[in-house]
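Undergrad: Contents of data-v8.cif (mmCIF, C-alpha atoms) are given next:
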data_final
#
loop_
_atom_site.label_atom_id
_atom_site.label_comp_id
_atom_site.auth_asym_id
_atom_site.auth_seq_id
_atom_site.Cartn_x
_atom_site.Cartn_y
_atom_site.Cartn_z
CA MET A 30 82.59 193.58 66.67
CA GLU A 31 80.66 190.65 65.28
CA THR A 32 82.93 190.37 62.25
CA VAL A 33 86.07 190.59 64.41
CA LEU A 34 84.81 187.72 66.54
CA LEU A 35 84.00 185.75 63.40
CA ILE A 36 87.51 186.30 62.00
CA LEU A 37 89.03 185.28 65.34
CA HIS A 38 86.78 182.21 65.32
CA TYR A 39 88.02 181.06 61.92
CA ALA A 40 91.65 181.91 62.77
CA GLY A 41 91.24 179.77 65.88
CA LEU A 42 89.81 176.88 63.89
CA PHE A 43 92.73 177.15 61.47
CA LEU A 44 95.27 177.09 64.33
CA ILE A 45 93.59 174.01 65.83
CA LEU A 46 93.69 172.25 62.46
CA LEU A 47 97.35 173.19 62.01
CA GLY A 48 98.14 171.92 65.51
CA SER A 49 96.40 168.62 64.84
CA VAL A 50 98.39 168.16 61.62
CA PHE A 51 101.68 168.73 63.46
CA LEU A 52 100.63 166.39 66.27
CA PHE A 53 99.77 163.73 63.69
CA LEU A 54 103.15 164.14 61.98
CA GLY A 55 104.85 163.86 65.36
CA ALA A 56 102.99 160.62 66.06
CA LEU A 57 104.01 159.32 62.64
CA GLY A 58 107.59 160.29 63.48
CA ILE A 59 107.48 158.33 66.73
CA TYR A 60 106.24 155.33 64.75
CA ARG A 61 108.77 155.54 61.92
CA MET A 62 112.02 156.64 63.61
CA PRO A 63 114.48 153.85 64.34
CA ASP A 64 115.59 154.54 67.94
CA LEU A 65 114.65 156.34 71.13
CA TYR A 66 116.66 159.50 70.49
CA ASN A 67 115.29 160.09 67.02
CA ARG A 68 111.80 159.41 68.31
CA LEU A 69 112.29 161.99 71.04
CA GLN A 70 113.41 164.46 68.38
CA ALA A 71 110.27 164.03 66.33
CA GLY A 72 107.97 163.80 69.34
CA THR A 73 109.22 166.85 71.24
CA LYS A 74 109.15 169.36 68.41
CA ALA A 75 105.82 168.25 67.01
CA SER A 76 104.05 168.00 70.36
CA THR A 77 105.36 171.40 71.47
CA LEU A 78 104.21 173.36 68.42
CA GLY A 79 101.11 171.20 68.00
CA ALA A 80 99.91 171.73 71.57
CA MET A 81 100.84 175.43 71.52
CA SER A 82 98.96 176.04 68.31
CA THR A 83 95.91 174.06 69.40
CA ILE A 84 95.70 175.86 72.75
CA LEU A 85 96.14 179.30 71.18
CA GLY A 86 93.42 178.38 68.70
CA VAL A 87 91.04 177.68 71.57
CA GLY A 88 92.09 181.05 73.03
CA LEU A 89 91.11 182.84 69.82
CA ILE A 90 87.72 181.16 69.70
CA GLN A 91 87.05 181.95 73.39
CA PRO A 92 88.90 185.30 73.92
CA SER A 93 88.08 185.52 77.63
CA TRP A 94 90.31 182.49 78.27
CA PHE A 95 93.22 183.88 76.29
CA ILE A 96 95.45 185.00 79.19
CA LYS A 97 95.19 181.67 81.03
CA LEU A 98 95.80 179.71 77.86
CA PHE A 99 98.79 181.90 77.02
CA ILE A 100 100.34 181.07 80.41
CA ILE A 101 99.77 177.37 79.71
CA VAL A 102 101.52 177.80 76.35
CA ILE A 103 104.55 179.32 78.08
CA PHE A 104 104.63 176.41 80.55
CA ILE A 105 104.53 173.92 77.68
CA ALA A 106 107.35 175.71 75.88
CA LEU A 107 109.48 175.51 79.06
CA ALA A 108 108.57 172.03 80.29
CA ASN A 109 108.42 169.99 77.07
CA PRO A 110 112.09 170.30 76.06
CA LEU A 111 113.15 169.78 79.70
CA SER A 112 111.32 166.47 79.93
CA SER A 113 112.70 165.17 76.64
CA HIS A 114 116.20 166.20 77.74
CA ALA A 115 115.72 164.29 81.00
CA LEU A 116 114.47 161.23 79.10
CA ALA A 117 117.40 161.30 76.65
CA ARG A 118 120.00 161.70 79.40
CA ALA A 119 118.51 159.03 81.62
CA SER A 120 118.18 156.58 78.73
CA TYR A 121 121.80 157.05 77.71
CA LYS A 122 123.01 156.52 81.27
CA ALA A 123 120.78 153.46 81.61
CA GLY A 124 122.56 151.96 78.60
CA VAL A 125 120.17 152.58 75.72
CA LYS A 126 122.55 152.79 72.76
CA PRO A 127 121.75 155.36 70.07
CA ILE A 128 121.95 154.37 66.43
CA ILE A 129 124.96 156.27 65.14
CA THR A 130 125.58 156.34 61.39
CA SER A 131 127.86 159.36 61.28
CA ASP A 132 130.77 158.08 63.44
CA THR A 133 130.42 160.84 66.03
CA ASP A 134 129.34 159.91 69.53
CA GLU A 135 131.13 162.42 71.74
CA TYR A 136 128.94 161.56 74.71
CA ALA A 137 130.00 157.89 74.97
CA ALA A 138 133.23 158.65 76.86
CA VAL A 139 131.53 161.01 79.30
CA ALA A 140 128.63 158.71 80.00
CA ASP A 141 131.04 155.86 80.73
CA GLU A 142 132.73 157.95 83.41
CA ALA A 143 129.42 158.32 85.20
CA GLY A 144 129.13 154.56 85.56
CA LYS A 145 126.93 153.99 82.52
CA PRO A 146 127.52 150.29 81.61
CA LYS A 147 125.32 149.03 84.41
CA THR A 148 123.56 146.69 82.02
CA GLU A 149 126.79 144.77 81.46
CA LYS A 150 127.35 144.40 85.19
CA ASN A 151 123.83 143.13 85.62
CA THR A 152 124.27 140.46 82.97
CA GLN A 153 127.47 139.30 84.71
CA THR A 154 125.81 138.84 88.06
CA LEU A 155 122.87 137.08 86.46
CA MET B 1130 113.04 173.32 106.22
CA THR B 1131 116.57 172.97 107.50
CA SER B 1132 118.54 174.79 104.87
CA THR B 1133 121.57 175.62 106.96
CA SER B 1134 124.01 174.79 104.17
CA TYR B 1135 122.59 177.60 102.03
CA HIS B 1136 123.42 181.22 102.70
CA SER B 1137 120.21 183.03 103.41
CA PRO B 1138 118.90 184.73 100.28
CA PRO B 1139 118.37 188.50 100.20
CA LEU B 1140 114.93 189.81 101.03
CA VAL B 1141 114.47 191.29 97.56
CA HIS B 1142 114.49 187.77 96.09
CA TYR B 1143 111.60 186.77 98.37
CA LEU B 1144 109.69 189.87 97.36
CA TYR B 1145 110.38 189.37 93.69
CA THR B 1146 109.28 185.71 93.69
CA PHE B 1147 106.23 186.65 95.76
CA ILE B 1148 105.14 189.35 93.30
CA LEU B 1149 105.70 187.09 90.27
CA VAL B 1150 103.64 184.26 91.78
CA TRP B 1151 100.90 186.62 92.88
CA ILE B 1152 100.63 188.13 89.40
CA LEU B 1153 100.43 184.59 88.03
CA TRP B 1154 97.64 183.81 90.50
CA TYR B 1155 95.77 186.92 89.40
CA ALA B 1156 96.20 185.97 85.72
CA PHE B 1157 94.66 182.57 86.40
CA THR B 1158 91.76 183.70 88.56
CA THR B 1159 91.19 187.08 86.81
CA SER B 1160 89.11 188.20 89.79
CA LEU B 1161 89.60 191.20 92.08
CA ASP B 1162 87.49 189.61 94.83
CA PRO B 1163 89.36 190.30 98.13
CA ALA B 1164 88.98 186.68 99.26
CA GLU B 1165 90.68 185.44 96.06
CA LEU B 1166 93.48 188.00 96.39
CA ILE B 1167 94.15 187.10 100.05
CA VAL B 1168 94.27 183.36 99.32
CA GLY B 1169 96.59 184.17 96.41
CA ALA B 1170 98.86 186.21 98.65
CA VAL B 1171 99.11 183.41 101.23
CA ILE B 1172 99.89 180.80 98.58
CA ALA B 1173 102.39 183.12 96.89
CA ALA B 1174 104.12 183.67 100.25
CA VAL B 1175 104.41 179.92 100.89
CA ILE B 1176 105.68 179.22 97.37
CA SER B 1177 108.21 182.06 97.47
CA PHE B 1178 109.45 180.80 100.84
CA ILE B 1179 110.01 177.28 99.48
CA THR B 1180 111.44 178.16 96.05
CA VAL B 1181 113.57 181.20 96.83
CA ARG B 1182 116.68 179.01 97.05
CA TYR B 1183 116.31 178.26 93.35
CA PHE B 1184 115.89 181.91 92.48
CA GLU B 1185 118.21 182.45 89.57
CA CYS B 1186 116.32 183.41 86.51
CA CYS B 1187 114.82 186.78 86.94
CA ASP B 1188 117.25 189.37 88.13
CA PRO B 1189 115.35 192.69 88.09
CA ILE B 1190 118.23 194.19 86.10
CA LEU B 1191 117.12 192.03 83.19
CA LEU B 1192 113.93 194.03 82.88
CA ALA B 1193 115.83 197.06 81.57
CA PRO B 1194 114.39 198.28 78.25
CA GLN B 1195 117.32 197.25 76.05
CA HIS B 1196 117.15 193.73 77.49
CA LEU B 1197 113.43 193.54 76.81
CA LEU B 1198 114.15 194.27 73.16
CA TYR B 1199 116.60 191.37 73.07
CA PHE B 1200 114.03 189.10 74.72
CA ILE B 1201 111.52 190.01 72.02
CA GLN B 1202 114.13 189.38 69.32
CA TYR B 1203 114.96 186.05 70.94
CA PHE B 1204 111.29 185.11 71.00
CA PHE B 1205 110.93 185.65 67.27
CA VAL B 1206 114.19 183.84 66.40
CA PHE B 1207 113.01 180.96 68.59
CA LEU B 1208 109.51 180.87 67.08
CA GLY B 1209 110.97 180.82 63.56
CA ALA B 1210 113.29 177.96 64.51
CA LEU B 1211 110.42 176.02 66.11
CA ILE B 1212 108.24 176.28 63.00
CA LYS B 1213 111.20 175.34 60.79
CA ALA B 1214 111.87 172.37 63.07
CA ASN B 1215 108.34 171.09 62.60
CA PHE B 1216 108.54 171.29 58.83
CA ASP B 1217 111.92 169.56 59.07
CA VAL B 1218 110.37 166.72 61.08
CA ALA B 1219 107.48 166.53 58.61
CA ARG B 1220 109.87 166.37 55.65
CA ARG B 1221 111.90 163.54 57.18
CA VAL B 1222 108.91 161.56 58.38
CA ILE B 1223 106.96 161.70 55.13
CA ASN B 1224 109.97 160.82 52.97
CA PRO B 1225 109.83 157.03 52.39
CA LYS B 1226 113.64 156.74 52.64
CA LEU B 1227 113.72 158.36 56.11
CA PRO B 1228 116.76 160.60 55.46
CA ILE B 1229 118.60 160.60 58.81
CA ASN B 1230 122.27 160.40 59.75
CA PRO B 1231 122.31 160.61 63.54
CA GLY B 1232 125.22 161.21 65.87
CA ILE B 1233 126.06 162.95 69.14
CA VAL B 1234 128.26 166.04 68.88
CA LYS B 1235 129.56 168.43 71.52
CA PHE B 1236 130.47 172.10 71.71
CA GLU B 1237 131.57 174.63 74.29
CA SER B 1238 129.22 177.43 75.23
CA LYS B 1239 130.46 180.87 76.26
CA LEU B 1240 127.56 181.41 78.66
CA ASN B 1241 128.17 181.46 82.41
CA ASN B 1242 124.70 182.06 83.80
CA ARG B 1243 122.89 178.81 84.62
CA PHE B 1244 119.49 180.11 83.62
CA ALA B 1245 120.88 181.26 80.26
CA LYS B 1246 122.34 177.81 79.69
CA MET B 1247 118.95 176.26 80.46
CA VAL B 1248 117.30 178.56 77.93
CA LEU B 1249 119.94 177.70 75.33
CA ALA B 1250 119.55 173.95 75.95
CA ASN B 1251 115.76 174.18 75.66
CA SER B 1252 116.01 176.21 72.49
CA ILE B 1253 118.41 173.70 70.95
CA THR B 1254 115.99 170.88 71.70
CA LEU B 1255 113.21 172.70 69.88
CA THR B 1256 115.23 173.69 66.79
CA PRO B 1257 115.57 171.61 63.62
CA GLY B 1258 117.16 168.20 64.07
CA THR B 1259 118.86 168.69 67.44
CA LEU B 1260 118.22 167.40 70.97
CA THR B 1261 120.21 168.32 74.07
CA VAL B 1262 121.34 165.09 75.75
CA ASP B 1263 123.45 166.54 78.54
CA VAL B 1264 125.11 169.73 79.76
CA LYS B 1265 128.28 169.36 81.82
CA GLY B 1266 129.74 172.66 82.94
CA SER B 1267 129.70 174.62 79.71
CA THR B 1268 129.95 171.60 77.40
CA PHE B 1269 126.76 170.77 75.54
CA TYR B 1270 126.17 167.23 74.20
CA ILE B 1271 123.72 167.31 71.32
CA HIS B 1272 122.01 164.45 69.53
CA TRP B 1273 121.97 165.58 65.90
CA ILE B 1274 119.61 163.84 63.52
CA ASP B 1275 121.61 164.79 60.43
CA VAL B 1276 125.27 165.39 61.34
CA LYS B 1277 126.90 167.96 59.06
CA GLY B 1278 130.33 167.77 60.72
CA GLY B 1279 131.57 166.11 63.88
CA ASP B 1280 133.99 168.76 65.13
CA PRO B 1281 132.88 171.17 67.88
CA GLU B 1282 133.35 174.34 65.76
CA THR B 1283 130.98 173.22 63.02
CA ALA B 1284 128.47 172.02 65.60
CA TYR B 1285 128.64 175.35 67.44
CA LYS B 1286 128.15 177.35 64.26
CA GLU B 1287 125.27 175.22 62.99
CA ILE B 1288 123.41 174.68 66.26
CA ALA B 1289 124.02 177.29 68.90
CA GLU B 1290 125.24 180.52 67.34
CA PRO B 1291 122.01 182.34 66.46
CA PHE B 1292 120.64 181.84 69.99
CA GLU B 1293 123.84 182.36 71.92
CA ARG B 1294 124.56 185.64 70.17
CA ILE B 1295 121.40 187.14 71.66
CA LEU B 1296 121.75 185.44 75.06
CA LEU B 1297 125.31 186.78 75.41
CA LYS B 1298 124.00 190.31 74.93
CA ILE B 1299 121.53 189.81 77.79
CA TYR B 1300 123.57 187.71 80.22
CA GLY B 1301 127.11 188.18 78.88
#
What is this structure when it is put down as structure tokens?

TA:
Amino acid sequence: METVLLILHYAGLFLILLGSVFLFLGALGIYRMPDLYNRLQAGTKASTLGAMSTILGVGLIQPSWFIKLFIIVIFIALANPLSSHALARASYKAGVKPIITSDTDEYAAVADEAGKPKTEKNTQTL
Amino acid sequence: MTSTSYHSPPLVHYLYTFILVWILWYAFTTSLDPAELIVGAVIAAVISFITVRYFECCDPILLAPQHLLYFIQYFFVFLGALIKANFDVARRVINPKLPINPGIVKFESKLNNRFAKMVLANSITLTPGTLTVDVKGSTFYIHWIDVKGGDPETAYKEIAEPFERILLKIYG
């Protein structure tokens, strides 16, 4: 029993370290990426796996918390992508232009329909 | 609550939401103390009363054994994609040249169920190099960090197929 707990303890420490590395890389991504959408890409993936791994690591070190922490992990996996999706959609409709180097922006036409170029209207009235 | 515009939901949906929320309450408190359980039941009743109109996800039919197997398969496909996505981010971020070629592509999904589409959109956001910008009907608009082909067929094959194949077996 003692050795099992010890193994779980070190596995937990390893998961926390791994999570911290991913969170750091995500932060670096937010710093280095050129525009909002690419930053969201880096931030969402890294923060999801980083937070999940860190929280599960805590669960392994303190096994009596594991069920609660596992529920929190599921909530993170559901809520994180939703929030980044909402941010991306709202930014596009508010007129934040993505940097496009590959000549494909299929969303531009659709976003225009929904009354996107509000920024242009605002500059006219000002 | 004046929800006259909604048809009243069947009783089984109330019960189902109630039981799910109550189990969640028990998982968080992990106590069989009667006072805790009663408070949990009251809160679960209130929450199920408020949220039953949004009940879409968890049809009891989905808990059939063959579906559970697909859910487990989906979980592992998703976990693999999430880990790959993180190494993909790491590779791009550490590279001094920042190798990105972003664009927004679209594709048509074959899914009809709204919950399934939500799951697909979330999964796409967490897989390598893609971010769901919008879903209109069954058209998905995806910000792709490294566009490999602008036409919908390529996008569908590269982005959505591994997930949608499993989701279609559950919700199809």

Undergrad: So the first atom is CA of Leu1166 in chain B and the second is CA of Trp94 in chain A; what is the distance between them in Å, to one decimal place?

TA: 19.2 Å

Undergrad: For a test of reading the model, state the distance in Å between CA of Ile101 in chain A and CA of Leu65 in chain A, rounded to one decimal.

TA: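 Taking CA of Ile101 in chain A as the start and CA of Leu65 in chain A as the end point, the length is 27.2 Å.
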
Undergrad: Written as a PyMOL selection string, what is the full residue list that the PyMOL selection byres ((chain B and resi 1275-1285) around 9) yields on the file shown?

TA: (chain A and resi 131-135) or (chain B and resi 1228-1238+1258-1259+1271-1274+1286-1290)

Undergrad: Translate the PyMOL selection byres ((chain A) within 9 of (chain B)), as applied to the file shown, into an explicit residue set as number ranges by chain.

TA: A: 51, 54-55, 57-58, 61-62, 66-67, 69-71, 73-75, 77-78, 96-97, 100, 106-111, 113-119, 121, 127-137

Undergrad: How far is it from CA of Val1206 in chain B to CA of Ser49 in chain A, in Å with one decimal?

TA: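 Between CA of Val1206 in chain B and CA of Ser49 in chain A the gap is 23.5 Å.
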
Undergrad: Taking all atoms listed in the file into account, name the residue in A:Met81, A:Ala138, A:Val87, A:Leu52 that is nearest to Leu37 in chain A.

TA: A:Val87

Undergrad: I want to know what sits within 8 Å of range 1138-1147 of chain B, based on only C-alpha atoms, with residues of the same chain fewer than 4 positions away left out; could you give that as a JSON list (two decimals) with C-alpha atoms, in the frame of the given file?

TA:
[["chain", "number", "residue", "atom", "x", "y", "z"],
["B", 1151, "TRP", "CA", 100.90, 186.62, 92.88],
["B", 1170, "ALA", "CA", 98.86, 186.21, 98.65],
["B", 1173, "ALA", "CA", 102.39, 183.12, 96.89],
["B", 1174, "ALA", "CA", 104.12, 183.67, 100.25],
["B", 1176, "ILE", "CA", 105.68, 179.22, 97.37],
["B", 1177, "SER", "CA", 108.21, 182.06, 97.47],
["B", 1178, "PHE", "CA", 109.45, 180.80, 100.84],
["B", 1181, "VAL", "CA", 113.57, 181.20, 96.83],
["B", 1182, "ARG", "CA", 116.68, 179.01, 97.05],
["B", 1184, "PHE", "CA", 115.89, 181.91, 92.48]]

Undergrad: Which is closest to Leu85 in chain A among A:Ile36, A:Ser112, A:Gly48, A:Gly124, if we use only C-alpha atoms?

TA: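 Of all the options, A:Gly48 lies closest to Leu85 in chain A.
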
Undergrad: Determine the residue set returned by the PyMOL selection byres ((chain B and resi 1296) around 12) for the present structure, and present it as a PyMOL selection string.

TA: chain B and resi 1191+1196-1204+1206-1207+1238-1250+1252+1289-1295+1297-1301

Undergrad: As a count of residues only, please: the residues near Leu47 in chain A (cut-off 8 Å, all atoms listed in the file, same-chain neighbours under 6 positions excluded).

TA: 3

Undergrad: From the structure just shown, export range 1187-1271 of chain B with C-alpha atoms as a compact mmCIF listing (two decimals), in the first residue's frame.

TA:
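Written out: result.txt:
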# COMPACT_ATOMS: atom_id res chain seq x y z
CA CYS B 1187 -28.42 12.69 -22.95
CA ASP B 1188 -31.14 10.58 -24.45
CA PRO B 1189 -31.29 7.41 -22.32
CA ILE B 1190 -31.09 5.38 -25.54
CA LEU B 1191 -27.50 6.56 -25.85
CA LEU B 1192 -26.55 4.55 -22.79
CA ALA B 1193 -26.99 1.27 -24.68
CA PRO B 1194 -23.85 -0.90 -24.45
CA GLN B 1195 -22.77 -0.59 -28.08
CA HIS B 1196 -22.98 3.20 -27.80
CA LEU B 1197 -20.89 3.18 -24.65
CA LEU B 1198 -18.17 1.37 -26.58
CA TYR B 1199 -18.23 4.11 -29.21
CA PHE B 1200 -18.04 6.77 -26.49
CA ILE B 1201 -14.95 5.08 -25.07
CA GLN B 1202 -13.42 4.87 -28.56
CA TYR B 1203 -14.23 8.53 -29.11
CA PHE B 1204 -12.60 9.44 -25.82
CA PHE B 1205 -9.33 7.80 -26.81
CA VAL B 1206 -9.34 9.26 -30.34
CA PHE B 1207 -9.99 12.67 -28.78
CA LEU B 1208 -7.27 12.29 -26.13
CA GLY B 1209 -4.74 11.27 -28.78
CA ALA B 1210 -5.68 14.29 -30.89
CA LEU B 1211 -5.42 16.62 -27.89
CA ILE B 1212 -1.92 15.43 -27.00
CA LYS B 1213 -0.87 15.66 -30.66
CA ALA B 1214 -2.29 19.18 -30.78
CA ASN B 1215 -0.15 20.25 -27.85
CA PHE B 1216 3.02 18.91 -29.40
CA ASP B 1217 1.98 20.64 -32.63
CA VAL B 1218 1.62 23.96 -30.79
CA ALA B 1219 4.96 23.38 -29.06
CA ARG B 1220 6.67 22.65 -32.38
CA ARG B 1221 5.34 25.81 -34.02
CA VAL B 1222 6.00 28.05 -31.04
CA ILE B 1223 9.57 26.93 -30.44
CA ASN B 1224 10.54 27.12 -34.12
CA PRO B 1225 12.17 30.55 -34.64
CA LYS B 1226 10.55 30.92 -38.10
CA LEU B 1227 7.02 30.43 -36.69
CA PRO B 1228 5.77 28.10 -39.47
CA ILE B 1229 2.12 29.12 -39.92
CA ASN B 1230 -0.07 29.60 -42.98
CA PRO B 1231 -3.47 30.55 -41.58
CA GLY B 1232 -6.82 30.69 -43.33
CA ILE B 1233 -10.51 30.03 -42.68
CA VAL B 1234 -12.01 27.01 -44.45
CA LYS B 1235 -15.49 25.53 -44.39
CA PHE B 1236 -17.04 22.09 -44.73
CA GLU B 1237 -20.44 20.47 -44.49
CA SER B 1238 -21.13 18.08 -41.65
CA LYS B 1239 -23.49 15.12 -42.01
CA LEU B 1240 -24.61 15.32 -38.39
CA ASN B 1241 -28.16 16.41 -37.55
CA ASN B 1242 -28.19 16.26 -33.77
CA ARG B 1243 -27.30 19.60 -32.17
CA PHE B 1244 -25.46 18.05 -29.26
CA ALA B 1245 -23.38 15.94 -31.65
CA LYS B 1246 -22.48 19.06 -33.62
CA MET B 1247 -21.40 20.76 -30.39
CA VAL B 1248 -19.19 17.80 -29.54
CA LEU B 1249 -17.69 17.83 -33.03
CA ALA B 1250 -17.03 21.60 -32.88
CA ASN B 1251 -15.37 21.28 -29.47
CA SER B 1252 -13.24 18.39 -30.64
CA ILE B 1253 -12.13 20.31 -33.72
CA THR B 1254 -11.06 23.22 -31.54
CA LEU B 1255 -8.88 20.93 -29.44
CA THR B 1256 -7.24 19.06 -32.34
CA PRO B 1257 -4.00 20.08 -34.07
CA GLY B 1258 -4.06 23.47 -35.76
CA THR B 1259 -7.82 24.02 -36.02
CA LEU B 1260 -10.30 26.33 -34.27
CA THR B 1261 -14.06 26.39 -34.84
CA VAL B 1262 -15.06 29.98 -35.63
CA ASP B 1263 -18.75 29.45 -36.37
CA VAL B 1264 -21.35 26.79 -37.07
CA LYS B 1265 -24.29 27.77 -39.27
CA GLY B 1266 -26.77 24.96 -39.82
CA SER B 1267 -24.46 22.11 -40.75
CA THR B 1268 -21.69 24.29 -42.20
CA PHE B 1269 -18.59 24.52 -40.05
CA TYR B 1270 -16.19 27.48 -40.41
CA ILE B 1271 -12.73 26.53 -39.21
